[in-house]
Amino acid sequence: MVIKTIALQIHKPTVEKKRIMDRAIRQYNDALEYLLRHTKDNIPNIVDEMRSGGSFLSRRITALLSKELMDALNEFGVQPFKDSLKLDYAMTMIAWIALKRSQKNARYPRLIREGKAFDHAFDELLLSYGEGERSRRDLSRQLSKLYDGLHMKKPILFGRYAQNRDYCLLYDEKKDRFYAKLYLMNVKDEGRRGGLSRGNTQLRYVLQDGGCLAEDNKRERYLVLPLSFGKQQQKLLKQGLNDPSVFKTARLKEKNGQYYLLVNVAVPAAEEQPEETFLGITRSLAHGVRYAVVDKEGGLVAEQTADMPGMPAKNDFHIAAKQIVLAAQKYKSKIVSYHLGQMGDQLSRDGCIACLTAGQFNKLMAMVAYKAELKGLAKPVTVSPRGLFYTCPRCGVNTLKNRFLDDKFLCVKCGYAGELERIGAANTARRLQKYGDSLLPFEARVARGRIVFRNEILDIRYEADYKREAIDGFYDYVGQLAEKWRTNGNVPVRAGAKKISYYKKFIGITNPKEEIAIVDVK
């Protein structure tokens, strides 16, 4: 099963219902901002919880919130959202700490809308630029984000699909219409309304036990809102009538005066498609990303770019991801790319900057993986970005000297020339073939600030701090171990053909950087 988010528009809400939704969103944002502002002392404990591994991470992080702090949130009138706020807070902190591991300057999360908080953030950006801590391009990007978020409101999270709390859906069988039931008010809220007449409308709960919404004279803490949507959303909603368990969490969002309920729905993954080619994706200097398709012999089948603006919005990521996945479908491709962290792709150099930051590229690849699974494609394979733009496709020489001018490639050994980006995308697509044909593969996995290189077949493992120097230390270790095995004649006993083949490759290693393939594993 995969989780798909569908957007359901609130259909023509009345002025009073708009007022209630606006107030609930404002109070939710104020409360979450209060949590973030008063829990900076929790950061070391959250980091420890993330390092410890184990399950229920969000629950363990929310347990760090004191009762006094949660009681203080009552001043914001968010009693219906207490559990959701804790979950939203935990997810925000997990995402920020994970981002900070790869981007040391990642700012502490905050919800800036107006007033002194905005002025303070603005002054901080100008000061960091004046002291040379950020480039003009980065300043422009950050200022744009700041102004975009001036009146931005974080959507309300509904953590449960339930009849008497958070949210659920209702269905009018006669009119074939869906409604949302949203709990937005407190028990003591003066805005609660009672004695509402719903005429002849019979609204049935989209729940396993069914039952109809009662028309009573109690002061209701919830709103019942009609929904409008397209054919694809309707198809999923109709499936939910038979199995309501598919409905998971949801968010209430306001955008440009319109209101949307974003519902997460569990849907079965499509049947996997056969793979006949490889599609490699890289960052680009002139475009958002570039991708190339090669056949099983390494021959170039197609190549294309997915253009994205300098400061892409969420929809730009969706459009680019959709374009890439459609190409993978068309050519029946296995998708190959990389994850940018401490070890980058070395595309940006000497003032020549990639269009997407590392974080933006990683975000795009996460969307590609999600959309690929929905289309029945296999999960994209993540390879090491090392050398993709500097390895000659003809003779295999990998050196930074192969970069000629800003965007050209010229091999210093055989003279092969071409466009740097096109070679990088094609090298990415061919990387799996290269691993399988000649290089000895090692998996690289990052966890708790450490990186582990491992080949399970040979039972070789090397661990170090997650730094750029780690890969050089790994290569030195492999070189020394290969020499030791050659000297001692460490021949595997009663081993299968694959292990013997790997062993022969390993003891023959003389240049680990050229003869080892590192495959990144999340």
# chains A, B, ... in the order shown; residues from 1 in each chain; ligands from 1

call {"tool": "residues_around", "arguments": {"residues": "Ile518 in chain A", "least_positions_apart": "5", "cutoff": "12 Å", "atoms": "only C-alpha atoms", "output": "ChimeraX atom specification"}}
result
/A:338,343,382-387,431-432,434-436,439-445,451-455,471,474-475,512-513

call {"tool": "residues_around", "arguments": {"residues": "Leu356 in chain A", "least_positions_apart": "4", "cutoff": "9 Å", "atoms": "only C-alpha atoms", "output": "ChimeraX atom specification"}}
result
/A:283-285,287-289,308-312,360-361

call {"tool": "atom_distance", "arguments": {"atom1": "CA of Lys413 in chain A", "atom2": "CA of Asn427 in chain A"}}
result
17.6 Å

call {"tool": "atom_distance", "arguments": {"atom1": "CA of Gln304 in chain A", "atom2": "CA of Asp407 in chain A"}}
result
16.5 Å

call {"tool": "atom_distance", "arguments": {"atom1": "CA of Asp295 in chain A", "atom2": "CA of Ser348 in chain A"}}
result
28.6 Å
